Structures are given as structure tokens and as C-alpha cells.
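Structure file work.tsv (TSV, C-alpha atoms) is printed below.
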```tsv
chain	number	residue	atom	x	y	z
A	1	MET	CA	17.89	81.60	6.59
A	2	ASP	CA	14.93	79.68	5.26
A	3	PRO	CA	12.01	80.22	7.65
A	4	PHE	CA	10.60	76.83	6.69
A	5	ASP	CA	13.84	75.07	7.65
A	6	ALA	CA	13.47	72.70	10.59
A	7	GLY	CA	15.95	74.63	12.72
A	8	ALA	CA	15.29	76.69	15.83
A	9	GLY	CA	14.10	79.73	13.88
A	10	SER	CA	11.73	77.74	11.73
A	11	ILE	CA	8.21	78.91	11.09
A	12	LEU	CA	7.17	75.32	11.80
A	13	ARG	CA	8.67	75.13	15.29
A	14	GLN	CA	6.29	77.31	17.27
A	15	PRO	CA	4.58	77.07	20.68
A	16	LYS	CA	1.04	75.74	20.88
A	17	ALA	CA	-0.23	79.26	21.64
A	18	VAL	CA	1.06	80.48	18.27
A	19	TRP	CA	-0.53	77.59	16.38
A	20	ALA	CA	-3.82	78.11	18.19
A	21	THR	CA	-3.90	81.81	17.27
A	22	ALA	CA	-2.76	81.15	13.69
A	23	GLY	CA	-5.40	78.44	13.25
A	24	ALA	CA	-8.14	80.74	14.46
A	25	SER	CA	-6.77	83.41	12.10
A	26	VAL	CA	-7.23	81.07	9.13
A	27	VAL	CA	-10.90	80.66	10.01
A	28	ALA	CA	-11.30	84.41	10.60
A	29	PHE	CA	-9.98	85.19	7.13
A	30	MET	CA	-12.11	82.43	5.65
A	31	GLY	CA	-15.14	84.44	6.76
A	32	ILE	CA	-14.31	87.22	4.26
A	33	GLY	CA	-14.78	85.09	1.15
A	34	LEU	CA	-17.01	82.41	2.63
A	35	VAL	CA	-20.21	83.80	1.14
A	36	ASP	CA	-18.77	84.36	-2.36
A	37	PRO	CA	-19.85	81.08	-4.00
A	38	ILE	CA	-23.22	81.02	-2.24
A	39	LEU	CA	-24.36	84.59	-2.94
A	40	PRO	CA	-26.69	83.47	-5.77
A	41	SER	CA	-28.00	80.63	-3.55
A	42	ILE	CA	-28.68	83.07	-0.70
A	43	ALA	CA	-30.50	85.40	-3.08
A	44	LYS	CA	-32.64	82.52	-4.30
A	45	GLY	CA	-33.25	81.08	-0.82
A	46	LEU	CA	-34.31	84.40	0.69
A	47	ASP	CA	-36.01	85.75	-2.44
A	48	ALA	CA	-33.62	88.71	-2.53
A	49	THR	CA	-31.97	90.76	-5.26
A	50	ALA	CA	-28.22	90.84	-5.96
A	51	SER	CA	-27.95	94.32	-4.44
A	52	GLN	CA	-29.71	93.18	-1.27
A	53	VAL	CA	-27.49	90.12	-0.85
A	54	SER	CA	-24.36	92.19	-1.51
A	55	LEU	CA	-25.18	94.09	1.67
A	56	LEU	CA	-23.67	91.07	3.45
A	57	PHE	CA	-20.31	92.56	2.54
A	58	THR	CA	-21.39	96.17	3.10
A	59	SER	CA	-22.62	95.65	6.67
A	60	TYR	CA	-19.60	93.46	7.48
A	61	PHE	CA	-16.98	95.97	6.31
A	62	LEU	CA	-18.82	99.10	7.42
A	63	ILE	CA	-18.74	97.80	10.98
A	64	THR	CA	-15.13	96.68	10.48
A	65	ALA	CA	-14.16	100.19	9.39
A	66	VAL	CA	-15.77	101.86	12.40
A	67	ALA	CA	-14.34	99.20	14.70
A	68	MET	CA	-10.83	100.29	13.71
A	69	LEU	CA	-11.27	103.18	16.12
A	70	VAL	CA	-12.25	100.79	18.90
A	71	THR	CA	-9.95	97.76	18.69
A	72	GLY	CA	-6.79	99.50	19.90
A	73	PHE	CA	-8.77	101.21	22.66
A	74	VAL	CA	-10.09	97.84	23.83
A	75	SER	CA	-6.93	95.75	23.54
A	76	SER	CA	-4.76	98.35	25.29
A	77	ARG	CA	-7.10	98.13	28.28
A	78	ILE	CA	-8.11	94.48	28.62
A	79	GLY	CA	-5.10	92.82	26.95
A	80	GLY	CA	-4.57	90.83	23.76
A	81	ARG	CA	-5.85	87.46	24.98
A	82	LYS	CA	-9.17	88.81	26.24
A	83	THR	CA	-9.62	90.85	23.06
A	84	LEU	CA	-9.08	87.74	20.93
A	85	LEU	CA	-11.59	85.77	22.98
A	86	LEU	CA	-14.13	88.59	22.88
A	87	GLY	CA	-13.83	88.79	19.10
A	88	LEU	CA	-14.14	85.03	18.71
A	89	ALA	CA	-17.21	84.97	20.93
A	90	PHE	CA	-18.89	87.60	18.74
A	91	VAL	CA	-18.12	85.60	15.59
A	92	VAL	CA	-19.41	82.34	17.08
A	93	VAL	CA	-22.69	83.95	18.13
A	94	PHE	CA	-23.38	86.01	15.02
A	95	ALA	CA	-22.17	83.44	12.47
A	96	GLY	CA	-24.48	80.90	14.11
A	97	LEU	CA	-27.37	83.37	14.11
A	98	ALA	CA	-26.70	84.16	10.43
A	99	GLY	CA	-27.44	80.55	9.58
A	100	THR	CA	-30.88	80.84	11.17
A	101	SER	CA	-31.93	83.94	9.20
A	102	ASP	CA	-35.35	84.00	7.59
A	103	THR	CA	-34.93	87.33	5.80
A	104	VAL	CA	-32.05	89.07	4.06
A	105	GLY	CA	-32.37	91.93	6.59
A	106	GLN	CA	-31.68	89.56	9.48
A	107	LEU	CA	-28.71	88.06	7.65
A	108	VAL	CA	-27.22	91.49	6.91
A	109	GLY	CA	-27.63	92.47	10.57
A	110	TYR	CA	-25.93	89.32	11.83
A	111	ARG	CA	-23.06	89.85	9.38
A	112	ALA	CA	-22.55	93.29	10.94
A	113	GLY	CA	-22.12	91.70	14.37
A	114	TRP	CA	-19.79	89.15	12.80
A	115	GLY	CA	-17.74	92.02	11.35
A	116	LEU	CA	-17.28	93.57	14.79
A	117	GLY	CA	-16.04	90.27	16.20
A	118	ASN	CA	-13.72	89.69	13.28
A	119	ALA	CA	-12.27	93.20	13.63
A	120	LEU	CA	-11.53	92.66	17.32
A	121	PHE	CA	-9.89	89.32	16.59
A	122	VAL	CA	-7.76	89.91	13.50
A	123	SER	CA	-6.60	93.39	14.54
A	124	THR	CA	-5.02	91.79	17.62
A	125	ALA	CA	-3.89	88.41	16.30
A	126	LEU	CA	-0.59	89.43	14.67
A	127	ALA	CA	0.66	91.29	17.75
A	128	VAL	CA	-0.18	88.21	19.84
A	129	ILE	CA	1.58	85.87	17.41
A	130	VAL	CA	4.69	88.07	17.33
A	131	GLY	CA	4.74	88.23	21.13
A	132	ALA	CA	4.42	84.46	21.58
A	133	ALA	CA	6.41	83.16	18.58
A	134	ALA	CA	9.81	81.50	18.62
A	135	GLY	CA	12.45	82.46	16.07
A	136	GLY	CA	11.83	86.20	15.88
A	137	SER	CA	9.24	88.43	14.31
A	138	ALA	CA	10.08	87.53	10.68
A	139	ALA	CA	8.97	83.93	11.12
A	140	ALA	CA	5.91	85.04	13.08
A	141	ILE	CA	4.83	87.51	10.40
A	142	LEU	CA	5.31	84.92	7.67
A	143	LEU	CA	3.22	82.44	9.63
A	144	TYR	CA	0.48	85.03	10.08
A	145	GLU	CA	0.44	86.00	6.42
A	146	SER	CA	0.41	82.33	5.45
A	147	ALA	CA	-2.70	81.99	7.62
A	148	LEU	CA	-4.19	85.01	5.86
A	149	GLY	CA	-3.56	83.53	2.42
A	150	LEU	CA	-4.80	80.09	3.40
A	151	GLY	CA	-7.97	81.57	4.86
A	152	MET	CA	-8.67	83.72	1.81
A	153	ALA	CA	-8.18	80.69	-0.45
A	154	CYS	CA	-10.16	78.19	1.63
A	155	GLY	CA	-13.10	80.45	2.50
A	156	PRO	CA	-14.76	80.16	-0.92
A	157	LEU	CA	-13.97	76.44	-1.03
A	158	LEU	CA	-15.63	75.78	2.33
A	159	GLY	CA	-18.54	77.97	1.30
A	160	ALA	CA	-18.98	75.90	-1.85
A	161	LEU	CA	-18.68	72.49	-0.17
A	162	LEU	CA	-21.13	73.26	2.62
A	163	GLY	CA	-23.28	75.62	0.59
A	164	ASP	CA	-24.03	73.03	-2.05
A	165	ALA	CA	-26.35	71.33	0.46
A	166	SER	CA	-27.75	74.55	1.96
A	167	TRP	CA	-26.64	78.16	2.02
A	168	ARG	CA	-27.06	78.04	5.81
A	169	TYR	CA	-24.38	75.39	6.44
A	170	PRO	CA	-21.31	77.60	5.79
A	171	PHE	CA	-22.43	79.93	8.57
A	172	PHE	CA	-22.93	77.07	11.02
A	173	GLY	CA	-19.58	75.61	9.96
A	174	THR	CA	-17.79	78.89	10.65
A	175	ALA	CA	-19.42	79.19	14.07
A	176	PHE	CA	-18.25	75.66	14.95
A	177	LEU	CA	-14.66	76.23	13.77
A	178	MET	CA	-14.40	79.53	15.64
A	179	ALA	CA	-15.74	77.86	18.78
A	180	VAL	CA	-12.88	75.36	18.46
A	181	GLY	CA	-10.48	78.30	18.07
A	182	PHE	CA	-11.95	79.89	21.20
A	183	LEU	CA	-11.28	76.72	23.19
A	184	CYS	CA	-7.74	76.38	21.82
A	185	ILE	CA	-6.80	79.97	22.67
A	186	THR	CA	-8.37	79.59	26.12
A	187	ALA	CA	-6.27	76.49	26.74
A	188	PHE	CA	-2.92	77.42	25.17
A	189	LEU	CA	-2.51	81.20	25.11
A	190	LYS	CA	-1.38	83.09	28.19
A	191	GLU	CA	-2.16	86.78	28.62
A	192	GLN	CA	0.27	89.04	26.76
A	193	PRO	CA	1.86	92.17	28.29
A	194	ARG	CA	-0.31	95.24	27.81
A	195	PRO	CA	1.15	98.29	26.01
A	196	ALA	CA	2.71	100.95	28.20
A	197	ARG	CA	0.41	103.62	26.76
A	198	LYS	CA	-3.34	103.21	26.36
A	199	THR	CA	-4.75	104.02	22.93
A	200	SER	CA	-7.53	106.62	22.71
A	201	LEU	CA	-10.43	106.47	20.26
A	202	LEU	CA	-9.10	109.53	18.41
A	203	ASP	CA	-5.47	108.41	18.02
A	204	PRO	CA	-6.05	106.69	14.63
A	205	LEU	CA	-7.79	109.81	13.27
A	206	LYS	CA	-4.97	112.04	14.52
A	207	ALA	CA	-2.46	109.77	12.77
A	208	LEU	CA	-4.15	110.56	9.45
A	209	GLY	CA	-2.90	114.12	9.81
A	210	HIS	CA	0.40	112.81	8.46
A	211	GLY	CA	0.50	113.50	4.71
A	212	GLY	CA	2.15	110.24	3.73
A	213	LEU	CA	-0.26	108.09	5.72
A	214	ALA	CA	-3.26	110.03	4.41
A	215	SER	CA	-1.99	109.56	0.84
A	216	ALA	CA	-1.58	105.82	1.32
A	217	ALA	CA	-5.06	105.58	2.84
A	218	VAL	CA	-6.76	107.52	0.02
A	219	SER	CA	-5.00	105.49	-2.66
A	220	ALA	CA	-5.92	102.28	-0.85
A	221	PHE	CA	-9.53	103.48	-0.63
A	222	PHE	CA	-9.76	103.63	-4.43
A	223	TYR	CA	-7.97	100.30	-4.80
A	224	ASN	CA	-10.27	98.58	-2.31
A	225	TYR	CA	-13.31	99.63	-4.31
A	226	THR	CA	-11.83	97.71	-7.24
A	227	PHE	CA	-10.87	94.74	-5.09
A	228	PHE	CA	-14.29	94.30	-3.55
A	229	THR	CA	-16.10	94.80	-6.82
A	230	VAL	CA	-14.24	91.67	-7.94
A	231	LEU	CA	-14.91	89.81	-4.71
A	232	ALA	CA	-18.57	90.68	-4.14
A	233	PHE	CA	-20.02	91.34	-7.61
A	234	THR	CA	-18.22	88.83	-9.84
A	235	PRO	CA	-20.08	85.75	-8.48
A	236	PHE	CA	-23.28	87.13	-9.99
A	237	VAL	CA	-21.54	87.72	-13.31
A	238	LEU	CA	-20.04	84.22	-13.42
A	239	ASP	CA	-23.42	82.70	-12.52
A	240	MET	CA	-21.91	79.29	-11.68
A	241	THR	CA	-22.80	76.49	-9.29
A	242	PRO	CA	-21.38	76.86	-5.75
A	243	TYR	CA	-18.77	74.17	-6.50
A	244	ARG	CA	-17.49	75.86	-9.66
A	245	SER	CA	-17.60	79.35	-8.18
A	246	GLY	CA	-15.79	78.05	-5.09
A	247	ALA	CA	-13.09	76.51	-7.30
A	248	VAL	CA	-12.60	79.79	-9.16
A	249	PHE	CA	-12.20	81.80	-5.96
A	250	PHE	CA	-10.01	79.12	-4.42
A	251	ALA	CA	-7.60	79.52	-7.34
A	252	TRP	CA	-7.93	83.30	-6.92
A	253	GLY	CA	-7.02	82.96	-3.24
A	254	VAL	CA	-4.01	80.77	-3.98
A	255	LEU	CA	-2.62	83.39	-6.35
A	256	LEU	CA	-3.33	86.09	-3.77
A	257	ALA	CA	-1.39	84.16	-1.12
A	258	VAL	CA	1.58	83.31	-3.36
A	259	PHE	CA	1.98	86.84	-4.74
A	260	SER	CA	1.49	88.44	-1.33
A	261	VAL	CA	3.96	86.31	0.60
A	262	ILE	CA	6.51	85.28	-2.05
A	263	VAL	CA	6.38	87.41	-5.20
A	264	ALA	CA	5.69	90.92	-3.89
A	265	PRO	CA	8.77	91.14	-1.59
A	266	ARG	CA	11.05	90.11	-4.47
A	267	MET	CA	9.49	92.65	-6.81
A	268	GLN	CA	9.81	95.39	-4.19
A	269	ALA	CA	13.48	94.59	-3.66
A	270	ARG	CA	14.15	94.81	-7.40
A	271	PHE	CA	11.95	97.67	-8.60
A	272	GLY	CA	10.93	99.63	-5.49
A	273	SER	CA	7.59	99.75	-3.71
A	274	LEU	CA	5.97	102.64	-5.59
A	275	LYS	CA	6.79	101.36	-9.08
A	276	VAL	CA	5.49	97.91	-8.18
A	277	LEU	CA	2.30	99.36	-6.70
A	278	GLY	CA	1.61	101.71	-9.60
A	279	GLY	CA	2.22	99.03	-12.21
A	280	SER	CA	0.12	96.47	-10.38
A	281	LEU	CA	-2.82	98.89	-10.06
A	282	VAL	CA	-2.76	99.68	-13.79
A	283	LEU	CA	-2.62	95.96	-14.64
A	284	LEU	CA	-5.52	95.31	-12.26
A	285	ALA	CA	-7.53	98.02	-14.04
A	286	ALA	CA	-6.90	96.34	-17.40
A	287	ASP	CA	-7.79	92.95	-15.92
A	288	VAL	CA	-11.18	94.05	-14.58
A	289	LEU	CA	-12.04	95.70	-17.91
A	290	VAL	CA	-11.47	92.41	-19.71
A	291	LEU	CA	-13.41	90.65	-16.95
A	292	GLY	CA	-16.36	92.95	-17.57
A	293	TYR	CA	-16.37	92.87	-21.37
A	294	GLY	CA	-14.96	89.43	-22.19
A	295	ASN	CA	-16.83	86.17	-22.65
A	296	HIS	CA	-17.46	83.74	-19.80
A	297	THR	CA	-14.08	82.03	-20.13
A	298	ALA	CA	-12.29	85.37	-20.10
A	299	ALA	CA	-14.26	86.39	-16.99
A	300	VAL	CA	-13.18	83.23	-15.18
A	301	VAL	CA	-9.52	83.65	-16.17
A	302	CYS	CA	-9.46	87.35	-15.25
A	303	THR	CA	-11.14	86.71	-11.91
A	304	ILE	CA	-8.43	84.21	-11.01
A	305	LEU	CA	-5.65	86.42	-12.39
A	306	SER	CA	-6.83	89.40	-10.34
A	307	GLY	CA	-5.71	87.49	-7.25
A	308	ALA	CA	-2.08	88.02	-8.30
A	309	PHE	CA	-2.42	91.80	-8.57
A	310	ILE	CA	-4.48	91.99	-5.38
A	311	GLY	CA	-1.84	89.99	-3.49
A	312	VAL	CA	0.92	92.38	-4.60
A	313	ASN	CA	-1.15	95.47	-3.81
A	314	ASN	CA	-2.14	94.25	-0.36
A	315	THR	CA	1.47	93.69	0.61
A	316	VAL	CA	2.83	97.00	-0.66
A	317	TYR	CA	-0.04	99.11	0.69
A	318	THR	CA	0.27	97.65	4.16
A	319	GLU	CA	4.00	98.19	4.35
A	320	LEU	CA	3.67	101.74	3.06
A	321	ALA	CA	0.95	102.53	5.58
A	322	LEU	CA	2.90	101.10	8.50
A	323	GLY	CA	6.25	102.62	7.50
A	324	VAL	CA	5.32	106.06	6.24
A	325	SER	CA	4.07	107.57	9.51
A	326	ASP	CA	5.86	108.34	12.75
A	327	ALA	CA	2.80	107.17	14.70
A	328	PRO	CA	2.97	103.78	16.47
A	329	ARG	CA	2.31	101.09	13.89
A	330	PRO	CA	-0.93	99.76	15.40
A	331	VAL	CA	-2.30	103.31	15.52
A	332	ALA	CA	-1.19	104.11	11.96
A	333	SER	CA	-2.65	100.81	10.79
A	334	ALA	CA	-5.99	101.55	12.46
A	335	GLY	CA	-6.24	104.99	10.84
A	336	TYR	CA	-5.29	103.66	7.43
A	337	ASN	CA	-7.75	100.79	7.61
A	338	PHE	CA	-10.50	103.04	8.95
A	339	VAL	CA	-10.37	104.89	5.61
A	340	ARG	CA	-9.90	102.01	3.19
A	341	TRP	CA	-12.52	99.66	4.64
A	342	PHE	CA	-15.22	102.18	3.76
A	343	ALA	CA	-14.52	101.36	0.11
A	344	ALA	CA	-14.88	97.66	0.93
A	345	ALA	CA	-18.32	98.52	2.30
A	346	ALA	CA	-19.26	100.75	-0.65
A	347	ALA	CA	-18.30	98.54	-3.60
A	348	PRO	CA	-20.61	95.57	-2.84
A	349	TYR	CA	-23.53	97.99	-2.55
A	350	PHE	CA	-22.86	100.22	-5.54
A	351	ALA	CA	-21.71	97.61	-8.08
A	352	PRO	CA	-25.10	95.87	-8.40
A	353	LYS	CA	-26.88	99.24	-8.17
A	354	ILE	CA	-24.79	100.54	-11.08
A	355	GLU	CA	-25.72	97.43	-13.04
A	356	GLU	CA	-29.41	98.13	-12.37
A	357	TRP	CA	-29.01	101.74	-13.52
A	358	THR	CA	-26.90	100.91	-16.62
A	359	ASP	CA	-25.78	97.43	-17.66
A	360	ILE	CA	-23.57	94.59	-16.41
A	361	HIS	CA	-20.36	96.04	-17.94
A	362	ILE	CA	-20.32	99.47	-16.28
A	363	PRO	CA	-19.55	98.29	-12.69
A	364	PHE	CA	-16.24	96.97	-14.02
A	365	VAL	CA	-15.55	100.22	-15.86
A	366	VAL	CA	-16.01	102.05	-12.56
A	367	ALA	CA	-13.73	99.51	-10.85
A	368	ALA	CA	-11.06	100.04	-13.49
A	369	VAL	CA	-11.29	103.81	-13.04
A	370	THR	CA	-10.89	103.55	-9.25
A	371	ALA	CA	-7.79	101.37	-9.68
A	372	VAL	CA	-6.27	104.00	-11.99
A	373	LEU	CA	-7.19	106.73	-9.49
A	374	GLY	CA	-5.31	104.77	-6.83
A	375	ALA	CA	-2.25	104.71	-9.09
A	376	LEU	CA	-2.59	108.46	-9.78
A	377	VAL	CA	-2.61	109.24	-6.06
A	378	VAL	CA	0.62	107.26	-5.69
A	379	LEU	CA	2.14	109.15	-8.65
A	380	VAL	CA	1.08	112.62	-7.49
A	381	ARG	CA	1.98	112.01	-3.85
A	382	ARG	CA	5.18	110.05	-4.52
A	383	ARG	CA	7.34	112.59	-2.68
A	384	ALA	CA	5.35	112.04	0.49
A	385	LEU	CA	5.78	108.27	0.07
A	386	THR	CA	9.18	107.82	-1.61
A	387	HIS	CA	11.58	108.42	1.28
A	388	GLU	CA	9.81	106.05	3.63
A	389	ALA	CA	9.13	103.52	0.86
A	390	GLU	CA	12.84	103.29	0.07
A	391	GLN	CA	13.58	102.55	3.72
A	392	LEU	CA	11.05	99.77	4.03
A	393	GLU	CA	12.30	96.25	4.48
A	394	PRO	CA	9.72	94.04	2.78
A	395	ARG	CA	7.79	91.72	5.11
A	396	HIS	CA	9.24	93.34	8.21
A	397	ALA	CA	7.27	96.58	8.29
A	398	THR	CA	4.32	94.87	9.90
A	399	GLU	CA	6.15	93.75	13.02
A	400	ASP	CA	3.73	95.24	15.50
A	401	GLY	CA	0.94	96.25	13.20
A	402	VAL	CA	-1.57	94.33	11.15
A	403	THR	CA	-1.40	93.02	7.61
A	404	ALA	CA	-3.59	93.82	4.68
A	405	PHE	CA	-6.76	92.01	5.78
A	406	ALA	CA	-5.92	91.90	9.37
A	407	ASP	CA	-7.86	94.89	10.51
```

Let me see the structure of the file written as C-alpha cells.
Amino acid sequence: MDPFDAGAGSILRQPKAVWATAGASVVAFMGIGLVDPILPSIAKGLDATASQVSLLFTSYFLITAVAMLVTGFVSSRIGGRKTLLLGLAFVVVFAGLAGTSDTVGQLVGYRAGWGLGNALFVSTALAVIVGAAAGGSAAAILLYESALGLGMACGPLLGALLGDASWRYPFFGTAFLMAVGFLCITAFLKEQPRPARKTSLLDPLKALGHGGLASAAVSAFFYNYTFFTVLAFTPFVLDMTPYRSGAVFFAWGVLLAVFSVIVAPRMQARFGSLKVLGGSLVLLAADVLVLGYGNHTAAVVCTILSGAFIGVNNTVYTELALGVSDAPRPVASAGYNFVRWFAAAAAPYFAPKIEEWTDIHIPFVVAAVTAVLGALVVLVRRRALTHEAEQLEPRHATEDGVTAFAD
């Protein structure tokens, strides 16, 4: 059945509560890439270096990683609706404060608060959408992942459009849109049933005792270093106006969405999850090497093309992580994301530092090496991953967990 068909199971025929949550999810995911096209403008406006401005990503994802141990604890006690609203309130406050920053230190601090709010929101949103959606979990998951892709694509575009006038406007714009999302969820979403068992703070760490889940998390850690080198460091390499940089990352986000939602499941069905993941990681390594050593045109093309490999990797990693362990999916997802988000925090900090210590090419060499290391972990630990990977049904393994950027 086509989930976009106008019938009863259609992705398009959903209650208002689902649309309200999905709409807020788009804005939440926009916040990840929002600052991409305006990083050089922020550096200029606050008289900061590239490594200082890149801390916007580091503080954001460092808090997100730590928050993985907290989100399940909170939502299992106060419920999904209140967790969503709490997360949205944090984003509204800290995104608005970010736009008022006078120093890069203030901005980095406000981004950390924003990261906590975003973690609370997106780690709960899919479970809420699945619980409230019509037409079954498959349509709900597709709607959520469509929101993810749309947000990742539109974040840089919004950042460019508003940031062309002032680097402060994208932050104010995000605060406004999330405030609208807060009102919509307040009006349309009823409280969801709480889980029968409350999640402890240590449950995600205990889940990592499973060899398959730990292997997926370590491999994803290396991959995420590559991913966020592209996302956080490339804008300085491209050195383009906010409009042009926003257009490049919009195209990157479109490829990410298409390959995540449409292409990856078909490739998994034909070749198997581990072969697809290993091949995509090696191709991503080659892509970032060309990005680092090619001319400006090659850098633009490879930046956009990396979105395809990243989209495939995000899908396969998430399904492996949520299917490989016998722990409840939200708990397994939290443990897995706790590990991999540390790489998302590390890459934006170390990439410009490595450039300062060496030259502009070496950060991409390091990123290529980490992508290959991710593939090697998959190869060496394939026995721990193969049985569960063969049993995965693409796009359905996330039924009560969270997708690649969701937590």
C-alpha cells in the first residue's frame, strides 16, 4: 500500500495532534543545520575564530549526548506530552537568548541549553506520533522521517534567508516557530499513556553491555565524526555568502532525506544492511577526501553528494541499533546515541583545531580515516550484527524508538 495514497492508511490523513507534533519536529531538526550558512557571519560579528564558533555545535551535541541518559527517565515519569512541552520551552527560551548574545561564549552557552531542550523534544516526538497516528506505525514513522529530512534540508535555507540581514535573526526565527509549535501541541495533543516501567538513568548504559549494540555505537561514533566534520567545518572551507552556502546545504539536505527515506530501504532489501553500510562508509571516506583536496567546484559537489551517503548511513545505523539488542528500543536507542553524539560534539571542535595545527586538508583526511574505521568495526564485528541485521524490516525497526537525528 502506498502510504501517500489518500485512503484511510495514508500518511496524509492524520489527526491534528500528529500534524502539530510533526510540524514542531521539522523546526527542531532545522535547528541542527540552522547555523551552517551563518557560521562565517557569526565569527565576523562576534570577532571570533572558526574554532570558537564551531563550539556552537560542540556545546549543543555534548549536552544532547548527556541528555540521552535523562530523556527516558523524564518522559517515563511525567508523560510524553509534558516532556515535549518542556523541551519546546527550553528551545524557545535559549534560541531567543542566543540571538541576544554579545560574545561567542554567551552564544555557546545558550546553544547548550537549546541542545537540552531539543533532546527532550525529539527523543519523545516519534513515540508520541506513533501513539497518536492513524493508519499504523509504518505511516507514522514515514511521516516522522519526512519531517526529519525536511528539517535538515530547510534549516540551512532558513539560516541563509534570515542570516543575510543579521546572524541574529535565525535564532529569533527559530524561537518564534517553536513557540508556535508549543501552542499547537498544547491545543491539539492529549496526554499519551505512560510506559508500564519507569526508565532509570543507568538503563541506557546497561544496554551497552550487549556486544551488538556496543559495536553499532562504536562504529556510529567514528561515522559521526566524519558527518559533523562535513556539517560544521565545510562552511569555512567553502567561504560563500549565506545565500550560496544555504543553497548548498539545502541540496545536501534534500539528498539526505531522499536517500534516508526512499533509497536506503530498497538497498537494504537487495544487498543487506551490513554490505550497504560498509560500502556507503567507504564511499563517504572517498567523498570527503575529494572535498578536502579538490578545487572549489569539487568541494561544493562533494558536500552535496555527501548527503546521499549520510542519508543511507543514518537509516542503517538506527535500524541496527534498535534491532540488535534485546533491551527496549527507547533504552537501546538512548545508549547508542549517548555514545555517538560525543563524536558530533568532538568533530566541530577538533576539525578547525587540526587545521590550525596543520593545514586545511588534514581535517578531511582525519574524517576519511574515521569513516573507514567505522566500516572496519562493522566488518570485524559482523557476527555480532549479522543475525539481527538479517531480521530487520527496513523502516519498521524504529517503531517505538527514535530515528537517526531524533535523539

So, counting only C-alpha atoms, which residue among A:Gly209, A:Pro265, A:Gly181, A:Gly23 is closest to A:Gly311?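 Ranked by minimum distance to A:Gly311, first place goes to A:Pro265.
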
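Comparing A:Leu85, A:Ala375, A:Ala50, A:Val74 by their smallest distance to A:Ala351, the closest is A:Ala50 (using all atoms listed in the file).
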
Between A:Leu322, A:Leu281, A:Ile42, A:Ala65, which is the closest to A:Trp167 once you count all atoms listed in the file?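 Between A:Leu322, A:Leu281, A:Ile42, A:Ala65, the residue approaching A:Trp167 most closely is A:Ile42.
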
Mind pulling up the distance from atom CA of A:Arg382 to atom CA of A:Leu274? 7.5 Å

Using all atoms listed in the file, which protein or nucleic acid residues come within 12 Å of A:Asn314? Drop anything in the same chain fewer than 5 positions from it, and give the result as an mmCIF file with C-alpha atoms, keeping the file's coordinate frame.
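So out.cif came out as:
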```cif
data_model
loop_
_atom_site.group_PDB
_atom_site.id
_atom_site.type_symbol
_atom_site.label_atom_id
_atom_site.label_comp_id
_atom_site.auth_asym_id
_atom_site.auth_seq_id
_atom_site.Cartn_x
_atom_site.Cartn_y
_atom_site.Cartn_z
ATOM 1 C CA GLU A 145 0.440 86.000 6.420
ATOM 2 C CA LEU A 148 -4.190 85.010 5.860
ATOM 3 C CA GLY A 149 -3.560 83.530 2.420
ATOM 4 C CA ALA A 216 -1.580 105.820 1.320
ATOM 5 C CA SER A 219 -5.000 105.490 -2.660
ATOM 6 C CA ALA A 220 -5.920 102.280 -0.850
ATOM 7 C CA PHE A 221 -9.530 103.480 -0.630
ATOM 8 C CA TYR A 223 -7.970 100.300 -4.800
ATOM 9 C CA ASN A 224 -10.270 98.580 -2.310
ATOM 10 C CA PHE A 227 -10.870 94.740 -5.090
ATOM 11 C CA LEU A 256 -3.330 86.090 -3.770
ATOM 12 C CA ALA A 257 -1.390 84.160 -1.120
ATOM 13 C CA VAL A 258 1.580 83.310 -3.360
ATOM 14 C CA PHE A 259 1.980 86.840 -4.740
ATOM 15 C CA SER A 260 1.490 88.440 -1.330
ATOM 16 C CA VAL A 261 3.960 86.310 0.600
ATOM 17 C CA VAL A 263 6.380 87.410 -5.200
ATOM 18 C CA ALA A 264 5.690 90.920 -3.890
ATOM 19 C CA PRO A 265 8.770 91.140 -1.590
ATOM 20 C CA SER A 273 7.590 99.750 -3.710
ATOM 21 C CA VAL A 276 5.490 97.910 -8.180
ATOM 22 C CA LEU A 277 2.300 99.360 -6.700
ATOM 23 C CA SER A 280 0.120 96.470 -10.380
ATOM 24 C CA LEU A 281 -2.820 98.890 -10.060
ATOM 25 C CA GLY A 307 -5.710 87.490 -7.250
ATOM 26 C CA ALA A 308 -2.080 88.020 -8.300
ATOM 27 C CA PHE A 309 -2.420 91.800 -8.570
ATOM 28 C CA GLU A 319 4.000 98.190 4.350
ATOM 29 C CA LEU A 320 3.670 101.740 3.060
ATOM 30 C CA ALA A 321 0.950 102.530 5.580
ATOM 31 C CA ASN A 337 -7.750 100.790 7.610
ATOM 32 C CA ARG A 340 -9.900 102.010 3.190
ATOM 33 C CA ARG A 395 7.790 91.720 5.110
ATOM 34 C CA VAL A 402 -1.570 94.330 11.150
ATOM 35 C CA THR A 403 -1.400 93.020 7.610
ATOM 36 C CA ALA A 404 -3.590 93.820 4.680
ATOM 37 C CA PHE A 405 -6.760 92.010 5.780
ATOM 38 C CA ALA A 406 -5.920 91.900 9.370
#
```
